[in-house]
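Asks: Got a file for you: query_30.pdb, PDB, C-alpha atoms.
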```
MODEL        1
ATOM      1  CA  ASP J 861      64.430  59.250  12.517  1.00  0.00           C
ATOM      2  CA  THR J 862      64.712  59.442   8.746  1.00  0.00           C
ATOM      3  CA  GLU J 863      61.039  59.396   7.859  1.00  0.00           C
ATOM      4  CA  VAL J 864      58.269  61.705   6.792  1.00  0.00           C
ATOM      5  CA  THR J 865      54.994  60.569   8.380  1.00  0.00           C
ATOM      6  CA  GLN J 866      51.660  61.389   6.778  1.00  0.00           C
ATOM      7  CA  THR J 867      48.198  60.912   8.242  1.00  0.00           C
ATOM      8  CA  PRO J 868      45.665  59.711   7.398  1.00  0.00           C
ATOM      9  CA  LYS J 869      46.700  57.141   4.810  1.00  0.00           C
ATOM     10  CA  HIS J 870      43.258  57.175   3.201  1.00  0.00           C
ATOM     11  CA  LEU J 871      40.533  59.822   3.268  1.00  0.00           C
ATOM     12  CA  VAL J 872      37.083  59.923   1.692  1.00  0.00           C
ATOM     13  CA  MET J 873      35.292  63.247   1.916  1.00  0.00           C
ATOM     14  CA  GLY J 874      32.217  64.893   0.515  1.00  0.00           C
ATOM     15  CA  MET J 875      32.371  68.104  -1.460  1.00  0.00           C
ATOM     16  CA  THR J 876      31.015  70.114   1.490  1.00  0.00           C
ATOM     17  CA  ASN J 877      33.335  68.631   4.096  1.00  0.00           C
ATOM     18  CA  LYS J 878      36.343  70.213   5.766  1.00  0.00           C
ATOM     19  CA  LYS J 879      39.299  67.949   6.461  1.00  0.00           C
ATOM     20  CA  SER J 880      43.026  68.234   7.065  1.00  0.00           C
ATOM     21  CA  LEU J 881      46.060  66.248   6.001  1.00  0.00           C
ATOM     22  CA  LYS J 882      49.018  66.110   8.346  1.00  0.00           C
ATOM     23  CA  CYS J 883      52.717  65.654   7.777  1.00  0.00           C
ATOM     24  CA  GLU J 884      55.510  65.349  10.335  1.00  0.00           C
ATOM     25  CA  GLN J 885      59.279  64.981  10.159  1.00  0.00           C
ATOM     26  CA  HIS J 886      62.004  65.021  12.789  1.00  0.00           C
ATOM     27  CA  MET J 887      65.074  65.176  10.592  1.00  0.00           C
ATOM     28  CA  GLY J 888      65.657  68.872  11.188  1.00  0.00           C
ATOM     29  CA  HIS J 889      64.683  69.688   7.614  1.00  0.00           C
ATOM     30  CA  ARG J 890      63.619  73.315   7.256  1.00  0.00           C
ATOM     31  CA  ALA J 891      61.936  72.998   3.843  1.00  0.00           C
ATOM     32  CA  MET J 892      58.640  71.121   3.520  1.00  0.00           C
ATOM     33  CA  TYR J 893      56.517  70.487   0.473  1.00  0.00           C
ATOM     34  CA  TRP J 894      53.068  69.384  -0.626  1.00  0.00           C
ATOM     35  CA  TYR J 895      52.748  67.504  -3.891  1.00  0.00           C
ATOM     36  CA  LYS J 896      49.694  66.151  -5.713  1.00  0.00           C
ATOM     37  CA  GLN J 897      49.977  63.017  -7.821  1.00  0.00           C
ATOM     38  CA  LYS J 898      47.373  61.661 -10.212  1.00  0.00           C
ATOM     39  CA  ALA J 899      47.480  58.068 -11.412  1.00  0.00           C
ATOM     40  CA  LYS J 900      50.341  57.224 -13.776  1.00  0.00           C
ATOM     41  CA  LYS J 901      51.695  60.786 -13.596  1.00  0.00           C
ATOM     42  CA  PRO J 902      54.705  62.264 -11.803  1.00  0.00           C
ATOM     43  CA  PRO J 903      54.097  64.417  -8.709  1.00  0.00           C
ATOM     44  CA  GLU J 904      53.095  68.063  -9.163  1.00  0.00           C
ATOM     45  CA  LEU J 905      54.378  70.653  -6.726  1.00  0.00           C
ATOM     46  CA  MET J 906      51.677  72.543  -4.811  1.00  0.00           C
ATOM     47  CA  PHE J 907      53.359  74.439  -1.968  1.00  0.00           C
ATOM     48  CA  VAL J 908      56.810  74.983  -0.493  1.00  0.00           C
ATOM     49  CA  TYR J 909      57.534  76.153   3.049  1.00  0.00           C
ATOM     50  CA  SER J 910      60.997  77.340   3.949  1.00  0.00           C
ATOM     51  CA  TYR J 911      61.746  78.111   7.606  1.00  0.00           C
ATOM     52  CA  GLU J 912      58.018  77.834   8.327  1.00  0.00           C
ATOM     53  CA  LYS J 913      57.126  80.506   5.778  1.00  0.00           C
ATOM     54  CA  LEU J 914      55.269  79.908   2.536  1.00  0.00           C
ATOM     55  CA  SER J 915      57.741  80.513  -0.264  1.00  0.00           C
ATOM     56  CA  ILE J 916      56.054  78.921  -3.256  1.00  0.00           C
ATOM     57  CA  ASN J 917      52.383  78.524  -4.142  1.00  0.00           C
ATOM     58  CA  GLU J 918      52.027  76.952  -7.560  1.00  0.00           C
ATOM     59  CA  SER J 919      48.730  78.711  -8.316  1.00  0.00           C
ATOM     60  CA  VAL J 920      46.816  76.209  -6.231  1.00  0.00           C
ATOM     61  CA  PRO J 921      43.058  76.871  -5.780  1.00  0.00           C
ATOM     62  CA  SER J 922      42.112  78.428  -2.452  1.00  0.00           C
ATOM     63  CA  ARG J 923      40.139  75.338  -1.445  1.00  0.00           C
ATOM     64  CA  PHE J 924      43.586  73.990  -0.502  1.00  0.00           C
ATOM     65  CA  SER J 925      45.074  75.885   2.435  1.00  0.00           C
ATOM     66  CA  PRO J 926      48.532  74.982   3.755  1.00  0.00           C
ATOM     67  CA  GLU J 927      49.792  75.651   7.255  1.00  0.00           C
ATOM     68  CA  CYS J 928      53.180  75.151   8.883  1.00  0.00           C
ATOM     69  CA  PRO J 929      52.718  75.442  12.687  1.00  0.00           C
ATOM     70  CA  ASN J 930      56.359  74.647  13.444  1.00  0.00           C
ATOM     71  CA  SER J 931      59.512  73.292  11.846  1.00  0.00           C
ATOM     72  CA  SER J 932      58.357  69.667  12.166  1.00  0.00           C
ATOM     73  CA  LEU J 933      54.727  69.884  11.095  1.00  0.00           C
ATOM     74  CA  LEU J 934      52.936  70.678   7.863  1.00  0.00           C
ATOM     75  CA  ASN J 935      49.189  70.629   7.374  1.00  0.00           C
ATOM     76  CA  LEU J 936      46.983  70.873   4.318  1.00  0.00           C
ATOM     77  CA  HIS J 937      43.446  72.042   5.045  1.00  0.00           C
ATOM     78  CA  LEU J 938      40.802  70.978   2.545  1.00  0.00           C
ATOM     79  CA  HIS J 939      37.434  72.613   2.000  1.00  0.00           C
ATOM     80  CA  ALA J 940      34.810  72.398  -0.750  1.00  0.00           C
ATOM     81  CA  LEU J 941      36.881  70.073  -2.889  1.00  0.00           C
ATOM     82  CA  GLN J 942      35.833  68.766  -6.281  1.00  0.00           C
ATOM     83  CA  PRO J 943      35.897  65.145  -7.480  1.00  0.00           C
ATOM     84  CA  GLU J 944      38.843  65.997  -9.753  1.00  0.00           C
ATOM     85  CA  ASP J 945      40.878  66.764  -6.617  1.00  0.00           C
ATOM     86  CA  SER J 946      40.936  63.054  -5.860  1.00  0.00           C
ATOM     87  CA  ALA J 947      44.605  62.046  -5.935  1.00  0.00           C
ATOM     88  CA  LEU J 948      47.556  60.916  -3.853  1.00  0.00           C
ATOM     89  CA  TYR J 949      48.852  63.815  -1.755  1.00  0.00           C
ATOM     90  CA  LEU J 950      52.510  63.576  -0.896  1.00  0.00           C
ATOM     91  CA  CYS J 951      54.480  65.484   1.685  1.00  0.00           C
ATOM     92  CA  ALA J 952      58.240  65.887   1.369  1.00  0.00           C
ATOM     93  CA  SER J 953      61.045  67.590   3.241  1.00  0.00           C
ATOM     94  CA  SER J 954      64.615  68.612   2.591  1.00  0.00           C
ATOM     95  CA  GLN J 955      67.394  70.644   4.066  1.00  0.00           C
ATOM     96  CA  VAL J 956      67.722  74.207   2.862  1.00  0.00           C
ATOM     97  CA  GLY J 957      70.787  75.422   1.064  1.00  0.00           C
ATOM     98  CA  PHE J 958      70.943  75.673  -2.678  1.00  0.00           C
ATOM     99  CA  ASP J 959      74.697  75.319  -2.733  1.00  0.00           C
ATOM    100  CA  ARG J 960      74.541  71.918  -1.099  1.00  0.00           C
ATOM    101  CA  GLY J 961      72.171  70.147  -3.451  1.00  0.00           C
ATOM    102  CA  TYR J 962      70.204  68.297  -0.789  1.00  0.00           C
ATOM    103  CA  GLY J 963      67.854  65.500  -1.715  1.00  0.00           C
ATOM    104  CA  TYR J 964      64.189  65.131  -0.839  1.00  0.00           C
ATOM    105  CA  THR J 965      62.533  62.684   1.556  1.00  0.00           C
ATOM    106  CA  PHE J 966      58.921  61.800   0.782  1.00  0.00           C
ATOM    107  CA  GLY J 967      56.155  60.421   2.939  1.00  0.00           C
ATOM    108  CA  SER J 968      53.931  57.503   2.008  1.00  0.00           C
ATOM    109  CA  GLY J 969      51.088  59.800   0.994  1.00  0.00           C
ATOM    110  CA  THR J 970      47.386  60.271   1.676  1.00  0.00           C
ATOM    111  CA  ARG J 971      45.025  58.729  -0.852  1.00  0.00           C
ATOM    112  CA  LEU J 972      42.173  61.264  -1.096  1.00  0.00           C
ATOM    113  CA  THR J 973      38.824  60.470  -2.686  1.00  0.00           C
ATOM    114  CA  VAL J 974      36.254  63.255  -3.081  1.00  0.00           C
ATOM    115  CA  VAL J 975      32.684  62.056  -3.523  1.00  0.00           C
TER
ATOM    116  CA  LYS Z 280      63.123  75.040 -20.180  1.00  0.00           C
ATOM    117  CA  GLN Z 281      64.282  71.856 -18.452  1.00  0.00           C
ATOM    118  CA  GLU Z 282      62.657  68.670 -19.686  1.00  0.00           C
ATOM    119  CA  VAL Z 283      63.263  65.192 -18.306  1.00  0.00           C
ATOM    120  CA  THR Z 284      62.591  62.048 -20.314  1.00  0.00           C
ATOM    121  CA  GLN Z 285      62.636  58.443 -19.186  1.00  0.00           C
ATOM    122  CA  ILE Z 286      62.952  55.603 -21.646  1.00  0.00           C
ATOM    123  CA  PRO Z 287      61.524  53.017 -21.788  1.00  0.00           C
ATOM    124  CA  ALA Z 288      58.105  53.757 -20.301  1.00  0.00           C
ATOM    125  CA  ALA Z 289      57.771  50.100 -19.328  1.00  0.00           C
ATOM    126  CA  LEU Z 290      60.156  47.186 -19.072  1.00  0.00           C
ATOM    127  CA  SER Z 291      59.587  43.509 -18.300  1.00  0.00           C
ATOM    128  CA  VAL Z 292      62.540  41.204 -17.695  1.00  0.00           C
ATOM    129  CA  PRO Z 293      63.103  37.761 -16.166  1.00  0.00           C
ATOM    130  CA  GLU Z 294      64.391  37.517 -12.635  1.00  0.00           C
ATOM    131  CA  GLY Z 295      68.153  37.566 -12.292  1.00  0.00           C
ATOM    132  CA  GLU Z 296      68.891  39.828 -15.226  1.00  0.00           C
ATOM    133  CA  ASN Z 297      70.904  43.016 -14.966  1.00  0.00           C
ATOM    134  CA  LEU Z 298      69.086  46.022 -16.382  1.00  0.00           C
ATOM    135  CA  VAL Z 299      69.501  49.725 -17.094  1.00  0.00           C
ATOM    136  CA  LEU Z 300      66.915  52.476 -16.813  1.00  0.00           C
ATOM    137  CA  ASN Z 301      67.544  55.733 -18.616  1.00  0.00           C
ATOM    138  CA  CYS Z 302      66.880  59.352 -17.733  1.00  0.00           C
ATOM    139  CA  SER Z 303      67.773  62.285 -19.986  1.00  0.00           C
ATOM    140  CA  PHE Z 304      67.508  66.015 -19.350  1.00  0.00           C
ATOM    141  CA  THR Z 305      67.809  68.990 -21.679  1.00  0.00           C
ATOM    142  CA  ASP Z 306      69.591  71.560 -19.492  1.00  0.00           C
ATOM    143  CA  SER Z 307      72.899  70.609 -17.870  1.00  0.00           C
ATOM    144  CA  ALA Z 308      72.606  73.378 -15.233  1.00  0.00           C
ATOM    145  CA  ILE Z 309      71.384  71.139 -12.429  1.00  0.00           C
ATOM    146  CA  TYR Z 310      72.124  70.881  -8.717  1.00  0.00           C
ATOM    147  CA  ASN Z 311      71.503  67.175  -8.466  1.00  0.00           C
ATOM    148  CA  LEU Z 312      69.527  64.247  -9.793  1.00  0.00           C
ATOM    149  CA  GLN Z 313      67.565  61.861  -7.625  1.00  0.00           C
ATOM    150  CA  TRP Z 314      66.200  58.409  -8.430  1.00  0.00           C
ATOM    151  CA  PHE Z 315      63.020  57.294  -6.672  1.00  0.00           C
ATOM    152  CA  ARG Z 316      61.025  54.113  -6.515  1.00  0.00           C
ATOM    153  CA  GLN Z 317      57.239  54.090  -6.212  1.00  0.00           C
ATOM    154  CA  ASP Z 318      55.111  51.033  -5.513  1.00  0.00           C
ATOM    155  CA  PRO Z 319      51.464  51.174  -6.710  1.00  0.00           C
ATOM    156  CA  GLY Z 320      49.440  53.640  -4.625  1.00  0.00           C
ATOM    157  CA  LYS Z 321      52.378  54.318  -2.316  1.00  0.00           C
ATOM    158  CA  GLY Z 322      54.746  57.159  -1.624  1.00  0.00           C
ATOM    159  CA  LEU Z 323      58.178  57.748  -3.105  1.00  0.00           C
ATOM    160  CA  THR Z 324      61.284  56.044  -1.770  1.00  0.00           C
ATOM    161  CA  SER Z 325      64.571  57.751  -2.510  1.00  0.00           C
ATOM    162  CA  LEU Z 326      67.081  55.331  -4.001  1.00  0.00           C
ATOM    163  CA  LEU Z 327      70.088  57.415  -4.940  1.00  0.00           C
ATOM    164  CA  LEU Z 328      71.027  61.085  -5.024  1.00  0.00           C
ATOM    165  CA  ILE Z 329      73.804  62.245  -7.343  1.00  0.00           C
ATOM    166  CA  GLN Z 330      75.242  65.715  -6.939  1.00  0.00           C
ATOM    167  CA  SER Z 331      76.102  67.685 -10.056  1.00  0.00           C
ATOM    168  CA  SER Z 332      79.815  67.252  -9.312  1.00  0.00           C
ATOM    169  CA  GLN Z 333      79.567  63.465  -9.000  1.00  0.00           C
ATOM    170  CA  ARG Z 334      79.727  60.798 -11.667  1.00  0.00           C
ATOM    171  CA  GLU Z 335      78.052  57.918  -9.867  1.00  0.00           C
ATOM    172  CA  GLN Z 336      76.529  56.645  -6.646  1.00  0.00           C
ATOM    173  CA  THR Z 337      76.056  53.081  -5.457  1.00  0.00           C
ATOM    174  CA  SER Z 338      73.733  51.457  -2.969  1.00  0.00           C
ATOM    175  CA  GLY Z 339      73.648  47.690  -2.781  1.00  0.00           C
ATOM    176  CA  ARG Z 340      72.576  46.309  -6.160  1.00  0.00           C
ATOM    177  CA  LEU Z 341      71.869  49.785  -7.498  1.00  0.00           C
ATOM    178  CA  ASN Z 342      74.285  52.058  -9.309  1.00  0.00           C
ATOM    179  CA  ALA Z 343      73.367  55.439 -10.718  1.00  0.00           C
ATOM    180  CA  SER Z 344      75.554  57.418 -13.078  1.00  0.00           C
ATOM    181  CA  LEU Z 345      75.426  61.018 -14.182  1.00  0.00           C
ATOM    182  CA  ASP Z 346      76.861  62.604 -17.320  1.00  0.00           C
ATOM    183  CA  LYS Z 347      75.932  66.264 -17.244  1.00  0.00           C
ATOM    184  CA  SER Z 348      77.571  67.104 -20.545  1.00  0.00           C
ATOM    185  CA  SER Z 349      75.370  64.666 -22.413  1.00  0.00           C
ATOM    186  CA  GLY Z 350      72.327  65.236 -20.189  1.00  0.00           C
ATOM    187  CA  ARG Z 351      72.022  61.613 -19.163  1.00  0.00           C
ATOM    188  CA  SER Z 352      71.681  59.483 -16.064  1.00  0.00           C
ATOM    189  CA  THR Z 353      71.328  55.727 -15.840  1.00  0.00           C
ATOM    190  CA  LEU Z 354      70.114  53.501 -13.040  1.00  0.00           C
ATOM    191  CA  TYR Z 355      71.718  50.063 -13.162  1.00  0.00           C
ATOM    192  CA  ILE Z 356      70.021  47.246 -11.247  1.00  0.00           C
ATOM    193  CA  ALA Z 357      72.068  44.097 -10.800  1.00  0.00           C
ATOM    194  CA  ALA Z 358      70.613  40.621 -10.368  1.00  0.00           C
ATOM    195  CA  SER Z 359      66.998  41.808 -10.521  1.00  0.00           C
ATOM    196  CA  GLN Z 360      64.400  40.319  -8.168  1.00  0.00           C
ATOM    197  CA  PRO Z 361      60.574  40.257  -8.270  1.00  0.00           C
ATOM    198  CA  GLY Z 362      60.620  42.694  -5.338  1.00  0.00           C
ATOM    199  CA  ASP Z 363      62.262  45.263  -7.622  1.00  0.00           C
ATOM    200  CA  SER Z 364      58.990  45.551  -9.554  1.00  0.00           C
ATOM    201  CA  ALA Z 365      57.842  49.168  -9.226  1.00  0.00           C
ATOM    202  CA  THR Z 366      57.822  52.464 -11.089  1.00  0.00           C
ATOM    203  CA  TYR Z 367      61.169  54.235 -11.116  1.00  0.00           C
ATOM    204  CA  LEU Z 368      61.216  58.020 -11.380  1.00  0.00           C
ATOM    205  CA  CYS Z 369      64.120  60.364 -11.883  1.00  0.00           C
ATOM    206  CA  ALA Z 370      63.950  64.006 -10.861  1.00  0.00           C
ATOM    207  CA  VAL Z 371      66.326  66.857 -11.544  1.00  0.00           C
ATOM    208  CA  ARG Z 372      66.741  69.753  -9.150  1.00  0.00           C
ATOM    209  CA  ARG Z 373      67.252  73.020 -10.957  1.00  0.00           C
ATOM    210  CA  ASN Z 374      69.755  75.647  -9.886  1.00  0.00           C
ATOM    211  CA  SER Z 375      68.590  78.084  -7.208  1.00  0.00           C
ATOM    212  CA  ASN Z 376      65.111  76.665  -7.132  1.00  0.00           C
ATOM    213  CA  TYR Z 377      63.121  74.280  -4.985  1.00  0.00           C
ATOM    214  CA  GLN Z 378      61.550  72.779  -8.054  1.00  0.00           C
ATOM    215  CA  LEU Z 379      62.079  69.176  -9.013  1.00  0.00           C
ATOM    216  CA  ILE Z 380      61.616  68.446 -12.707  1.00  0.00           C
ATOM    217  CA  TRP Z 381      60.294  64.915 -13.075  1.00  0.00           C
ATOM    218  CA  GLY Z 382      60.501  62.248 -15.704  1.00  0.00           C
ATOM    219  CA  ALA Z 383      57.315  60.304 -16.444  1.00  0.00           C
ATOM    220  CA  GLY Z 384      58.785  57.138 -14.942  1.00  0.00           C
ATOM    221  CA  THR Z 385      59.650  53.616 -16.064  1.00  0.00           C
ATOM    222  CA  LYS Z 386      57.345  50.833 -14.914  1.00  0.00           C
ATOM    223  CA  LEU Z 387      59.513  47.797 -14.213  1.00  0.00           C
ATOM    224  CA  ILE Z 388      58.183  44.253 -13.947  1.00  0.00           C
ATOM    225  CA  ILE Z 389      60.512  41.443 -12.898  1.00  0.00           C
ATOM    226  CA  LYS Z 390      59.083  38.055 -13.824  1.00  0.00           C
ATOM    227  CA  PRO Z 391      59.804  35.160 -11.430  1.00  0.00           C
TER
ENDMDL
END
```
Represent the structure from my file as structure tokens, please.

Replies:
Amino acid sequence: DTEVTQTPKHLVMGMTNKKSLKCEQHMGHRAMYWYKQKAKKPPELMFVYSYEKLSINESVPSRFSPECPNSSLLNLHLHALQPEDSALYLCASSQVGFDRGYGYTFGSGTRLTVV
Amino acid sequence: KQEVTQIPAALSVPEGENLVLNCSFTDSAIYNLQWFRQDPGKGLTSLLLIQSSQREQTSGRLNASLDKSSGRSTLYIAASQPGDSATYLCAVRRNSNYQLIWGAGTKLIIKP
């Protein structure tokens, strides 16, 4: 299995809703990432988990709450989002080991629309 | 500060042509460079990964080169096809850091 699977593919939510995005990989990668991508822009890093622990939070608002229940799963919990949070949310994974220069594997993304 | 630039921003060529996409970076202290493809509204597909110690990588009709000293990478696509139409992004991984530094992408259109 060489894929990163994201669900759902599309999500429409109101500003008072609570929803979660899910990401799963079975490649044995121990680093997992959440990225946000706006139209015609490159992805922006949000969070990095390494060995199931949060190692990087790129000053993301608290209405986004990541969770890594185990080495294969990554969730992003959403609450009280704003319309400007509408974007494509991408999950990625990689092996850990800075001396090896591992590449990243991305999922197909969740298209989020906040109304 | 590492900056990554992709030129051109958009490219339209007839089917069958060979073409080159460019990626330049300002700091040669990189771990690797990765080329991705993105179809509209979709996720990122990794095309080629070049380690800092490598000069090139090949996969099918794709060939990526890396020249760290000049801060340049190129993605060569041979015998282009309409299915190659997509946005191509390059990303540099910095030393001792999870961060990927991204170029803005080149939107490629292959005309039948």

Asks: Extract, using only C-alpha atoms, all DNA, RNA and protein residues at most 6 Å from Gln317 in chain Z, discarding same-chain residues fewer than 6 positions from it, and format them as a ChimeraX atom specification.

Replies: /Z:323,365-366

Asks: Can you list, as a VMD selection string, every protein, DNA or RNA residue that comes within 10 Å of Ala891 in chain J when you count only C-alpha atoms, leaving out same-chain residues fewer than 5 positions away?

Replies: (chain J and resid 908 to 915 931 to 932 952 to 957 964) or (chain Z and resid 377)

Asks: Please write as a ChimeraX atom specification the full residue list that the ChimeraX specification (/Z :<12) & /J yields on this file.

Replies: /J:862-866,869-870,891-910,915-918,947-972

Asks: Could you check the closest approach to Ala289 in chain Z for each of Z:Ser364, Z:Ala308, Z:Val371, Z:Gly350 and tell me which residue wins, using all atoms listed in the file?

Replies: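 With all atoms listed in the file as the atom set, the closest residue is Z:Ser364.
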
Asks: Report as a PyMOL selection string the residues that result from applying the PyMOL selection byres ((chain J and resi 934-937) around 9) to the structure here.

Replies: chain J and resi 878-885+892-894+909+912+923-933+938-939+951

Asks: If we count all atoms listed in the file and set the cut-off at 8 Å, which residues sit around Ser338 in chain Z, ignoring sequence neighbours fewer than 2 positions away in its own chain? Please answer as a tab-separated table (two decimals) with C-alpha atoms, keeping the file's coordinate frame.

Replies:
```
chain	number	residue	atom	x	y	z
Z	326	LEU	CA	67.08	55.33	-4.00
Z	327	LEU	CA	70.09	57.42	-4.94
Z	336	GLN	CA	76.53	56.64	-6.65
Z	340	ARG	CA	72.58	46.31	-6.16
Z	341	LEU	CA	71.87	49.78	-7.50
Z	342	ASN	CA	74.28	52.06	-9.31
```

Asks: Which one of J:Thr867, J:Ser922, J:Ser946, J:Asn877 sits closest to Val974 in chain J if you count all atoms listed in the file?

Replies: J:Ser946

Asks: Quick one: distance from CA of Gly874 in chain J to CA of Val975 in chain J in Å, one decimal?

Replies: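 Computing the Euclidean distance for CA of Gly874 in chain J and CA of Val975 in chain J yields 5.0 Å.
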
Asks: Give me, please, the distance in Å between CA of Ala357 in chain Z and CA of Thr337 in chain Z, quoted to one decimal.

Replies: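 Computed distance, CA of Ala357 in chain Z to CA of Thr337 in chain Z, equals 11.2 Å.
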
Asks: What is the CA of Ile389 in chain Z to CA of Ile356 in chain Z distance in Å?

Replies: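 Computed distance, CA of Ile389 in chain Z to CA of Ile356 in chain Z, equals 11.3 Å.
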
Asks: So that I can see what lies close to Leu345 in chain Z, please list as a ChimeraX atom specification the residues with an atom at most 6 Å from it, counting only C-alpha atoms and leaving out residues fewer than 4 positions away in the same chain.

Replies: /Z:334-335,352

Asks: Take the residues that were just selected and, keeping C-alpha atoms, output them as a CSV table (one decimal), in the frame of the given file.

Replies:
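Saved the output as part-v2.csv:
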```csv
chain,number,residue,atom,x,y,z
Z,334,ARG,CA,79.7,60.8,-11.7
Z,335,GLU,CA,78.1,57.9,-9.9
Z,352,SER,CA,71.7,59.5,-16.1
```

Asks: Around all listed atoms of range 300-305 of chain Z, padded 3 Å per side, what centre and edge lengths does the axis-aligned box have in Å to one decimal, as lines of an AutoDock Vina configuration file?

Replies:
```
center_x = 67.3
center_y = 60.7
center_z = -19.2
size_x = 6.9
size_y = 22.5
size_z = 10.9
```
